[in-house]
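Each remark here refers to the structure printed beneath this line.
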Amino acid sequence: MNILTNAQIVTLAANNSFGLIAEGTIVIDDGKIAWVGPAGDLPDAYQVGETIDLKGRLVTPALIDCHSHIVFGGNRAAEFEQRLNGASYEEIAVAGGGIMSTVTATRAASEAALLADALTRVDALIAEGVSLIEIKSGYGLDMDTEIKMLRVARQIGTRRAVKIKTTFLGAHATPTEYKGRPDAYIDEVCIPTLRAAHTLGLVDAVDGFCEGIAFDADQITRVFDVATELGLPVKLHAEQLSNIGGAQLAAKYGALSADHLEYATDADARALADAGTVAVILPGAFYTLREPQAPPIQAFRDHGVQMALATDCNPGSSPLASPLLVMNMACTLFRMTPLEALLGVTAHAAQALGETQSGRIIAGNHADLCVWNAEHPVELAYRIGFNPLHARITQGVL
């Protein structure tokens, strides 16, 4: 049993406040939070074990990156320059760049190379207090490479003190060999690969890219029907560049999350709220692509949609591996509050992954915590390019 004392604790026990406990104490037992509260209220039964004085530092739940594409080959720096010279995301994709250029590099890379490269990005997330990362496939678009990516994602959890959730994103794009035949790709490659990956125990959830340059709602529906048959939860890239019904589709299937959502409507927000689907906001892609339309944050507030935040770490539209910068971007670009930003990378991010014992400092939850050299939680979203992390506690281990 470990006792963390002399801490400013941000419990996030309720959605409408930081739940700050000044001069608080946390008791950790067997990797779980056994008790939390003011130091003076510590029960006698917990006044044993090793005591760690945090010297007044701030303690929050550990951060969670609930949307990443962190396993991939190569990079797309050249496309960054193309966009600066006026090419759009869609134009680059139609010309054979974008996702397909990463598919080529990922297919050619070995598992060892993919793992070594991914770990550099994972280490950046860990250094800012992340304890749980969702990692998607989707840069293989054939059975062997999609499964290779999911295996690499699973290996990350054995190489680092971080929990990994894997998401199958076979419906990410139509590969070159199926150009002009997206339905054939879904039926002949995507769905059989999903079944194979599930049989191998490599899939925690299923995602798709519902967009004009990717797949329509009917095509995603076929993938989601198989996910439902297999007992897997679904997520969806929706309404990023246009509105073709992705948010409504996500709500229909009770998706864990709908992600991006720049072109979501008030009706979409209402549907997501009714379904309990989390809106995952991705400011890194909005910023990198210089998108003209921001997600409807106020509509999400008005309808009570939980909002999560994530890096969307990927080689093209969001080459970002800083959850702290994501928090600042969400506040600056979208006028989210610092409380909404912190909930977005903790409690609501956990909800977007179906994790019921993470993201808040309450008894019974996993003892995944961050200790910060800060006095108030607003500081985490306020600073730019500054990392105040003092220590990370994962499953109760400092």
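The chains in the structure tokens are called A, B, ... from first to last as shown; in each chain the residues are counted from 1, and the ligands are counted from 1 in the order shown.
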
Leaving out Leu343 (chain A) and any residue of its chain fewer than 2 positions from it, which residues lie within 12 Å of it when counting only C-alpha atoms, given as number ranges by chain?
-> A: 10-19, 60-65, 278, 280, 306-310, 327, 330, 336-341, 345-352, 358-361, 377-378, 380-381

Nearby residues (only C-alpha atoms) at most 12 Å from Ala108 (chain A), same-chain spacing under 5 positions excluded, as a list of chain:residue names |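 My list of contacting residues is A:Phe72, A:Gly73, A:Gly74, A:Ser101, A:Thr102, A:Val103, A:Ala113, A:Leu114, A:Tyr139, A:Gly140, A:Asp144, A:Thr145, A:Lys148, A:Met149.
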
Pick out the closest residue to Leu132 (chain A) from this set: A:Arg151, A:Lys165, A:Lys32, A:Arg83. Count only C-alpha atoms.
-> A:Lys165

Using only C-alpha atoms: which of A:Thr120, A:Ser68, A:Thr193, A:Ser110 has the shortest distance to Thr167 (chain A) |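 Of A:Thr120, A:Ser68, A:Thr193, A:Ser110, the one nearest Thr167 (chain A) is A:Ser68, counting only C-alpha atoms.
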
Which parts of region 204-377 of chain A does DSSP call alpha helix (DSSP H) when run on the backbone here, written out as a ChimeraX atom specification?
-> /A:217-229,246-252,266-275,283-288,297-303,323-334,338-344,347-352
